[in-house]
Structures are given as C-alpha cells and as structure tokens.
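Content type mmCIF, C-alpha atoms and all ligand atoms, from the file run35.cif:
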```cif
data_coords
loop_
_atom_site.label_atom_id
_atom_site.label_comp_id
_atom_site.auth_asym_id
_atom_site.auth_seq_id
_atom_site.Cartn_x
_atom_site.Cartn_y
_atom_site.Cartn_z
CA MET A 1 90.54 87.42 74.59
CA PHE A 2 92.88 90.14 75.78
CA ILE A 3 91.51 92.60 78.34
CA THR A 4 93.43 95.56 79.75
CA ILE A 5 92.62 97.69 82.77
CA GLU A 6 93.67 101.30 82.72
CA GLY A 7 93.22 104.40 84.81
CA PRO A 8 94.92 107.20 86.70
CA GLU A 9 96.66 106.55 90.03
CA GLY A 10 94.41 105.59 92.92
CA SER A 11 91.44 104.63 90.78
CA GLY A 12 91.22 101.33 92.66
CA LYS A 13 91.59 99.36 89.44
CA THR A 14 93.47 96.51 91.09
CA THR A 15 90.73 95.99 93.67
CA ALA A 16 88.01 96.21 91.01
CA VAL A 17 89.75 93.57 88.91
CA ASP A 18 90.51 91.31 91.90
CA ASP A 19 86.80 91.27 92.71
CA ALA A 20 85.78 90.62 89.09
CA VAL A 21 88.40 87.89 88.57
CA LYS A 22 87.19 85.99 91.65
CA LYS A 23 83.69 85.88 90.20
CA LEU A 24 84.89 84.92 86.69
CA LYS A 25 86.95 82.06 88.12
CA ALA A 26 83.91 80.86 90.04
CA MET A 27 82.10 80.74 86.67
CA ASP A 28 84.93 78.48 85.39
CA TYR A 29 86.54 80.97 83.05
CA GLN A 30 90.27 80.38 82.58
CA ILE A 31 91.89 83.64 83.54
CA VAL A 32 95.52 84.74 83.41
CA ARG A 33 95.95 87.82 85.56
CA THR A 34 99.04 89.91 84.99
CA ARG A 35 100.38 93.45 85.18
CA GLU A 36 102.61 96.03 83.56
CA PRO A 37 105.31 97.04 83.79
CA GLY A 38 106.31 93.51 84.87
CA GLY A 39 104.67 90.14 84.61
CA THR A 40 107.86 88.13 83.88
CA PRO A 41 111.29 88.15 85.58
CA ILE A 42 112.97 90.24 82.85
CA SER A 43 110.05 92.65 82.69
CA GLU A 44 110.09 92.98 86.49
CA GLN A 45 113.78 93.87 86.36
CA ILE A 46 113.00 96.58 83.83
CA ARG A 47 110.14 97.74 86.08
CA ASN A 48 112.56 98.21 88.98
CA VAL A 49 114.74 100.49 86.87
CA ILE A 50 111.77 102.53 85.64
CA LEU A 51 110.07 103.04 88.99
CA ASP A 52 113.16 103.51 91.17
CA LYS A 53 112.73 106.83 93.01
CA ASN A 54 116.49 107.41 92.81
CA ASN A 55 116.45 107.46 89.00
CA THR A 56 115.57 111.15 88.85
CA ALA A 57 117.92 111.62 85.85
CA MET A 58 115.87 109.33 83.59
CA ASP A 59 115.18 110.89 80.21
CA LYS A 60 111.54 110.71 79.08
CA ARG A 61 112.30 108.87 75.83
CA THR A 62 114.38 106.36 77.79
CA GLU A 63 111.36 105.90 80.05
CA ALA A 64 109.05 105.33 77.06
CA LEU A 65 111.45 102.80 75.52
CA LEU A 66 111.84 100.89 78.78
CA TYR A 67 108.05 100.57 79.13
CA ALA A 68 107.88 99.31 75.56
CA ALA A 69 110.77 96.87 76.16
CA SER A 70 109.13 95.51 79.28
CA ARG A 71 105.86 95.14 77.35
CA ARG A 72 107.54 93.25 74.52
CA GLN A 73 109.11 90.71 76.87
CA HIS A 74 105.81 90.26 78.68
CA LEU A 75 104.01 89.55 75.40
CA VAL A 76 106.63 87.05 74.24
CA GLU A 77 106.92 85.15 77.51
CA LYS A 78 103.38 85.27 78.80
CA ILE A 79 100.54 87.02 76.99
CA TRP A 80 100.80 85.50 73.51
CA LEU A 81 101.14 81.98 74.94
CA ALA A 82 98.08 82.38 77.17
CA ILE A 83 95.99 83.81 74.32
CA LYS A 84 97.04 80.89 72.11
CA GLU A 85 95.87 78.47 74.80
CA GLY A 86 92.46 80.13 74.67
CA LYS A 87 92.75 81.78 78.08
CA ILE A 88 91.37 85.16 79.00
CA VAL A 89 94.27 87.48 79.73
CA ILE A 90 93.51 90.37 82.09
CA CYS A 91 96.38 92.81 82.29
CA ASP A 92 96.66 95.68 84.73
CA ARG A 93 97.94 98.51 82.47
CA TYR A 94 99.23 98.07 78.92
CA LEU A 95 99.90 100.18 75.84
CA ASP A 96 97.29 102.84 76.68
CA SER A 97 99.25 103.71 79.84
CA SER A 98 102.21 104.56 77.62
CA LEU A 99 99.97 106.67 75.39
CA ALA A 100 98.53 108.52 78.41
CA TYR A 101 101.65 108.88 80.59
CA GLN A 102 104.48 109.18 78.07
CA GLY A 103 102.48 110.39 75.06
CA GLY A 104 100.12 112.78 76.89
CA ALA A 105 101.53 113.76 80.27
CA ARG A 106 105.23 113.68 79.30
CA GLN A 107 104.24 115.28 75.99
CA LEU A 108 106.19 112.92 73.74
CA GLY A 109 103.13 112.75 71.49
CA ILE A 110 100.60 109.98 71.15
CA GLU A 111 101.60 109.17 67.57
CA ASN A 112 105.30 108.78 68.51
CA ILE A 113 104.45 106.45 71.36
CA LEU A 114 102.11 104.49 69.12
CA THR A 115 104.92 103.98 66.60
CA VAL A 116 107.32 102.66 69.23
CA ASN A 117 104.64 100.40 70.65
CA GLU A 118 103.51 99.06 67.29
CA PHE A 119 107.09 97.91 66.83
CA ALA A 120 107.23 96.43 70.35
CA THR A 121 103.87 94.66 70.22
CA GLU A 122 103.67 93.85 66.50
CA GLY A 123 100.23 95.41 66.61
CA THR A 124 98.77 93.45 69.52
CA PHE A 125 95.92 95.66 70.73
CA PRO A 126 93.47 94.66 73.49
CA ASP A 127 89.98 93.38 72.64
CA LEU A 128 88.59 95.30 75.60
CA THR A 129 90.03 98.16 77.66
CA LEU A 130 88.35 99.13 80.91
CA LEU A 131 89.12 102.68 81.94
CA ILE A 132 88.61 102.85 85.71
CA ASP A 133 88.19 106.59 85.76
CA ILE A 134 88.73 108.90 88.71
CA GLU A 135 89.54 112.57 89.17
CA PRO A 136 93.23 112.83 90.09
CA GLU A 137 92.49 114.82 93.25
CA ILE A 138 90.48 111.91 94.62
CA GLY A 139 92.86 109.25 93.27
CA LEU A 140 95.99 110.83 94.74
CA ALA A 141 94.28 111.36 98.11
CA ARG A 142 93.42 107.64 98.14
CA ILE A 143 97.04 106.69 97.45
CA MET A 144 98.33 108.87 100.26
CA LYS A 145 95.94 107.17 102.68
CA ASN A 146 97.05 103.67 101.64
CA VAL A 147 100.12 103.02 103.80
CA ASP A 148 100.76 99.58 102.29
CA ARG A 149 101.33 100.93 98.80
CA GLU A 150 104.87 101.95 97.98
CA VAL A 151 105.07 105.39 96.41
CA ASN A 152 106.90 105.19 93.04
CA ARG A 153 108.67 107.70 90.79
CA LEU A 154 105.53 108.50 88.78
CA ASP A 155 103.30 108.95 91.84
CA LEU A 156 105.61 111.80 92.83
CA GLU A 157 104.63 113.86 89.77
CA LYS A 158 102.50 116.97 90.36
CA LEU A 159 98.71 117.10 90.15
CA ASP A 160 98.92 118.76 86.76
CA PHE A 161 100.75 115.68 85.36
CA HIS A 162 98.04 113.34 86.62
CA GLN A 163 95.36 115.60 85.16
CA LYS A 164 97.01 115.26 81.76
CA VAL A 165 97.13 111.48 82.21
CA ARG A 166 93.40 111.37 82.86
CA GLN A 167 92.55 113.73 79.99
CA THR A 168 94.58 111.59 77.60
CA PHE A 169 92.82 108.41 78.74
CA LEU A 170 89.46 110.11 78.08
CA GLN A 171 90.69 111.15 74.62
CA LEU A 172 91.79 107.58 73.92
CA ALA A 173 88.34 106.31 74.90
CA LYS A 174 86.91 108.56 72.18
CA ARG A 175 89.51 107.46 69.66
CA TYR A 176 88.95 103.74 70.29
CA PRO A 177 85.24 103.46 71.17
CA GLU A 178 85.06 99.86 69.92
CA ARG A 179 87.33 98.59 72.68
CA TYR A 180 86.93 101.16 75.49
CA VAL A 181 84.46 101.02 78.39
CA ILE A 182 84.63 103.79 81.00
CA ILE A 183 83.83 102.87 84.60
CA ASP A 184 83.16 105.58 87.17
CA ALA A 185 85.52 104.79 90.06
CA SER A 186 84.11 107.45 92.39
CA LYS A 187 81.32 104.99 93.29
CA ASP A 188 81.59 102.45 96.13
CA ARG A 189 83.68 99.28 95.79
CA GLU A 190 80.74 96.96 95.07
CA THR A 191 79.30 99.17 92.34
CA VAL A 192 82.69 99.51 90.63
CA ALA A 193 83.35 95.75 90.86
CA LYS A 194 79.93 94.98 89.40
CA ALA A 195 80.38 97.41 86.51
CA THR A 196 83.80 95.85 85.82
CA LEU A 197 82.40 92.32 85.80
CA ASP A 198 79.39 93.30 83.66
CA ALA A 199 81.63 94.96 81.06
CA ILE A 200 83.83 91.85 80.82
CA LEU A 201 80.86 89.46 80.62
CA ALA A 202 79.22 91.58 77.94
CA ARG A 203 82.36 91.25 75.80
CA LEU A 204 82.82 87.52 76.46
P1 LIG B 1 102.25 100.67 89.66
O1 LIG B 1 102.83 100.64 91.02
O2 LIG B 1 102.03 99.36 88.98
O3 LIG B 1 100.99 101.59 89.69
P2 LIG B 1 99.45 101.34 89.53
O4 LIG B 1 99.05 100.59 90.75
O5 LIG B 1 98.92 102.74 89.48
O6 LIG B 1 99.25 100.57 88.25
O7 LIG B 1 103.20 101.59 88.79
C1 LIG B 1 103.12 101.71 87.45
C2 LIG B 1 103.40 103.15 87.10
O8 LIG B 1 103.91 103.22 85.78
C3 LIG B 1 102.15 104.00 87.13
O9 LIG B 1 102.47 105.25 87.68
C4 LIG B 1 101.81 104.17 85.67
C5 LIG B 1 103.14 104.11 85.00
N1 LIG B 1 103.14 103.61 83.60
C6 LIG B 1 103.57 104.45 82.58
O10 LIG B 1 103.90 105.60 82.81
N2 LIG B 1 103.61 103.95 81.30
C7 LIG B 1 103.28 102.67 81.00
O11 LIG B 1 103.35 102.26 79.81
C8 LIG B 1 102.86 101.82 82.07
C9 LIG B 1 102.48 100.39 81.80
C10 LIG B 1 102.81 102.33 83.36
#
```
Reformat the file's structure so that it appears as structure tokens.
Ligand code: TYD
Amino acid sequence: MFITIEGPEGSGKTTAVDDAVKKLKAMDYQIVRTREPGGTPISEQIRNVILDKNNTAMDKRTEALLYAASRRQHLVEKIWLAIKEGKIVICDRYLDSSLAYQGGARQLGIENILTVNEFATEGTFPDLTLLIDIEPEIGLARIMKNVDREVNRLDLEKLDFHQKVRQTFLQLAKRYPERYVIIDASKDRETVAKATLDAILARL
C-alpha cells in the first residue's frame, strides 16, 4: 500500500499525518513514513539544491527534472523495498506535487510533467492520495506564524502561484477520483487528524 499526502503550503499535512501514524502504529500496522523531496541521502542532497533560497537562477524545467530525479532515487532506495516487504508507505508529497507546482503553477503543463514522471517512476502511482486542502491565504498566514519552519524558495512565491497550486490539486482530484480523498484542513487539528485516519483505514 502506497499512500501520499498532498496539499498547498501551510495545510498542516505533516501534523495531520503524524497524528494518524501514531494511531496506526498503535494498531500494529507496519508504517514507513517518508517525505519528498528527500527521504534518502542522495535525494536529500538534491532537495538542498532545489530549495536553496540562493538558487534564484534555477530554470523551471531544471526544477521539474530535479524533483523527478530525487523521486526516482527515493523509489529505488526506499519506497519499492518497503512496498515489497508488505509495509504501508506514507509519503509526504509525491508526483502530484510536481503536477501541481511545476505542471500547474509554473505552467510547464500537466501532461509534460506526467511524461517526465512516468519515466522517473516507471508508472508507480499511489493507491491513495490525501489532499489536505486549505485556501492559500490561510495556509501562508499559518506558515508565517510558525517560527520553527524554515522558509524555502517555493514559499517565497506570490499568492497567485499558491492559488494555482491549489486549483491544480483540485483538478487532479477530479481527474483521479479513484485514489483521491479531499480533507478540509480549515477545521481544528483533531477533526483533520480523524478524517485523515478514517480515510486511510477505509482504504486498508
Ligand atoms: P517542504 O519544506 O518539504 O514543504 P512542505 O512542508 O510544504 O511539504 O518543501 C517542499 C517544497 O517543494 C514545497 O514548496 C512543495 C515543493 N514541491 C514541488 O514544487 N514539486 C514537487 O514535486 C515536490 C515533491 C515538492
């Protein structure tokens, strides 16, 4: 089982998943929790290049290819092995982030980004994708309040960029209804965590 968690910035997806994973582990499910870009040493090195605030000259296709490269390495070194061992892999961001950020917001086109990612992933799509959905105005305000979170190169994009990200995620949910579940992240922490857990349990 391969589960991905997606959403615009500041949706609180990490907290929602932390809460759900604690409960799943208590029920004796074998969970591998990971994140993108990153998840393995090579992928983390690629992540540092992508998110470095000083890399203002980065071309958008370079950005898309680096995300796909990081994803590939993560699959090879971690995700495929864990799935083979029968574990439940829960990954914070995956291919749909590339479709929404690079395909939608950077306007490289969803189909182009799909092509690159089909090559990178050899067609490994998630069984379940939870879209922790929030309006960008609320999400970005949450990020600015969170002093512990380091602001990265993509956080610095304008509101309009983040609106496109969210719109593309909503479009993707319509395109892939069999694997998408939308969770309203404007609710309180407990409600969001419960909806996250329920959606995972329903699929398991
Ligand atoms: P991160 O600090 O992990 O943010 P978050 O907590 O919001 O997940 O930074 C990841 C950033 O990279 C985030 O702004 C989303 C972006 N991203 C893409 O643009 N494309 C991708 O394919 C992925 C995986 C992430």
Item to complete: Could you report the residues within 6 Å of ligand LIG 1 (chain B), using only C-alpha atoms and all ligand atoms, as a ChimeraX atom specification?
Response: /A:9,36-37,67,93-95,97-98,101-102,154-155
Fill in: Point-to-point distance in Å for CA of Leu204 (chain A) and CA of Lys22 (chain A)
15.9 Å
Worksheet item: Interatomic distance between CA of Asn152 (chain A) and CA of Asp52 (chain A)?
Response: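 We find that CA of Asn152 (chain A) and CA of Asp52 (chain A) lie 6.7 Å from each other.
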Item to complete: Fewer than 6 positions away in the same chain doesn't count, so skip those; otherwise give me all residues within 10 Å of Gly123 (chain A), counting all atoms listed in the file, as number ranges by chain.
Response: A: 114-115, 117
Worksheet item: Any idea what the distance is between CA of Asp133 (chain A) and CA of Ile110 (chain A)?
Response: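 We find that CA of Asp133 (chain A) and CA of Ile110 (chain A) lie 19.5 Å from each other.
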Discussion item. With 10 Å as the threshold, what does the neighbourhood of (84.1, 101.2, 89.6) contain in terms of residues, counting only C-alpha atoms? Coordinates are those of the file; answer as a VMD selection string.
Written reply: chain A and resid 11 to 13 15 to 17 130 to 134 182 to 197
Could you take the residues named above and write them with C-alpha atoms, as a short mmCIF file (atom, residue, chain, number, x, y, z; two decimals), in the coordinates of the input?
```cif
data_model
loop_
_atom_site.label_atom_id
_atom_site.label_comp_id
_atom_site.auth_asym_id
_atom_site.auth_seq_id
_atom_site.Cartn_x
_atom_site.Cartn_y
_atom_site.Cartn_z
CA SER A 11 91.44 104.63 90.78
CA GLY A 12 91.22 101.33 92.66
CA LYS A 13 91.59 99.36 89.44
CA THR A 15 90.73 95.99 93.67
CA ALA A 16 88.01 96.21 91.01
CA VAL A 17 89.75 93.57 88.91
CA LEU A 130 88.35 99.13 80.91
CA LEU A 131 89.12 102.68 81.94
CA ILE A 132 88.61 102.85 85.71
CA ASP A 133 88.19 106.59 85.76
CA ILE A 134 88.73 108.90 88.71
CA ILE A 182 84.63 103.79 81.00
CA ILE A 183 83.83 102.87 84.60
CA ASP A 184 83.16 105.58 87.17
CA ALA A 185 85.52 104.79 90.06
CA SER A 186 84.11 107.45 92.39
CA LYS A 187 81.32 104.99 93.29
CA ASP A 188 81.59 102.45 96.13
CA ARG A 189 83.68 99.28 95.79
CA GLU A 190 80.74 96.96 95.07
CA THR A 191 79.30 99.17 92.34
CA VAL A 192 82.69 99.51 90.63
CA ALA A 193 83.35 95.75 90.86
CA LYS A 194 79.93 94.98 89.40
CA ALA A 195 80.38 97.41 86.51
CA THR A 196 83.80 95.85 85.82
CA LEU A 197 82.40 92.32 85.80
#
```
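Considering only C-alpha atoms, the residue among A:Leu172, A:Arg153, A:Gly109, A:Lys87 positioned nearest to Lys25 (chain A) is A:Lys87.
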Mind checking which residues fall within 12 Å of Leu65 (chain A), counting all atoms listed in the file, ignoring those fewer than 4 positions away in the same chain, and posting them as a PDB file with C-alpha atoms, in the frame of the given file?
```
ATOM      1  CA  PRO A  37     105.310  97.040  83.790  1.00  0.00           C
ATOM      2  CA  ILE A  46     113.000  96.580  83.830  1.00  0.00           C
ATOM      3  CA  ARG A  47     110.140  97.740  86.080  1.00  0.00           C
ATOM      4  CA  ILE A  50     111.770 102.530  85.640  1.00  0.00           C
ATOM      5  CA  MET A  58     115.870 109.330  83.590  1.00  0.00           C
ATOM      6  CA  ASP A  59     115.180 110.890  80.210  1.00  0.00           C
ATOM      7  CA  LYS A  60     111.540 110.710  79.080  1.00  0.00           C
ATOM      8  CA  ARG A  61     112.300 108.870  75.830  1.00  0.00           C
ATOM      9  CA  ALA A  69     110.770  96.870  76.160  1.00  0.00           C
ATOM     10  CA  SER A  70     109.130  95.510  79.280  1.00  0.00           C
ATOM     11  CA  ARG A  71     105.860  95.140  77.350  1.00  0.00           C
ATOM     12  CA  ARG A  72     107.540  93.250  74.520  1.00  0.00           C
ATOM     13  CA  LEU A  95      99.900 100.180  75.840  1.00  0.00           C
ATOM     14  CA  SER A  98     102.210 104.560  77.620  1.00  0.00           C
ATOM     15  CA  GLN A 102     104.480 109.180  78.070  1.00  0.00           C
ATOM     16  CA  GLY A 103     102.480 110.390  75.060  1.00  0.00           C
ATOM     17  CA  LEU A 108     106.190 112.920  73.740  1.00  0.00           C
ATOM     18  CA  ASN A 112     105.300 108.780  68.510  1.00  0.00           C
ATOM     19  CA  ILE A 113     104.450 106.450  71.360  1.00  0.00           C
ATOM     20  CA  LEU A 114     102.110 104.490  69.120  1.00  0.00           C
ATOM     21  CA  THR A 115     104.920 103.980  66.600  1.00  0.00           C
ATOM     22  CA  VAL A 116     107.320 102.660  69.230  1.00  0.00           C
ATOM     23  CA  ASN A 117     104.640 100.400  70.650  1.00  0.00           C
ATOM     24  CA  PHE A 119     107.090  97.910  66.830  1.00  0.00           C
ATOM     25  CA  ALA A 120     107.230  96.430  70.350  1.00  0.00           C
TER      26      ALA A 120
END
```
Worksheet item: Out of A:Ala199, A:Ala57, A:Met144, A:Ile3, which residue has the shortest atom-to-atom distance to Thr124 (chain A) when counting all atoms listed in the file?
Response: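 With all atoms listed in the file as the atom set, the closest residue is A:Ile3.
Proximity to Val76 (chain A) was assessed for A:Cys91, A:Leu128, A:Ile42, A:Leu51 counting all atoms listed in the file; the smallest distance is recorded for A:Ile42.
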Discussion item. Set the distance at 10 Å and use all atoms listed in the file: which residues neighbour Lys78 (chain A) once local chain neighbours fewer than 2 positions away are removed? I'd like the list as a PyMOL selection string.
Written reply: chain A and resi 32+34+39-40+72-76+80-83+89
Discussion item. Just checking: using all atoms listed in the file, which residue out of A:Glu44, A:Glu6, A:Glu63, A:Glu135 ends up closest to His162 (chain A)?
Written reply: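 The closest residue to His162 (chain A) is A:Glu135.
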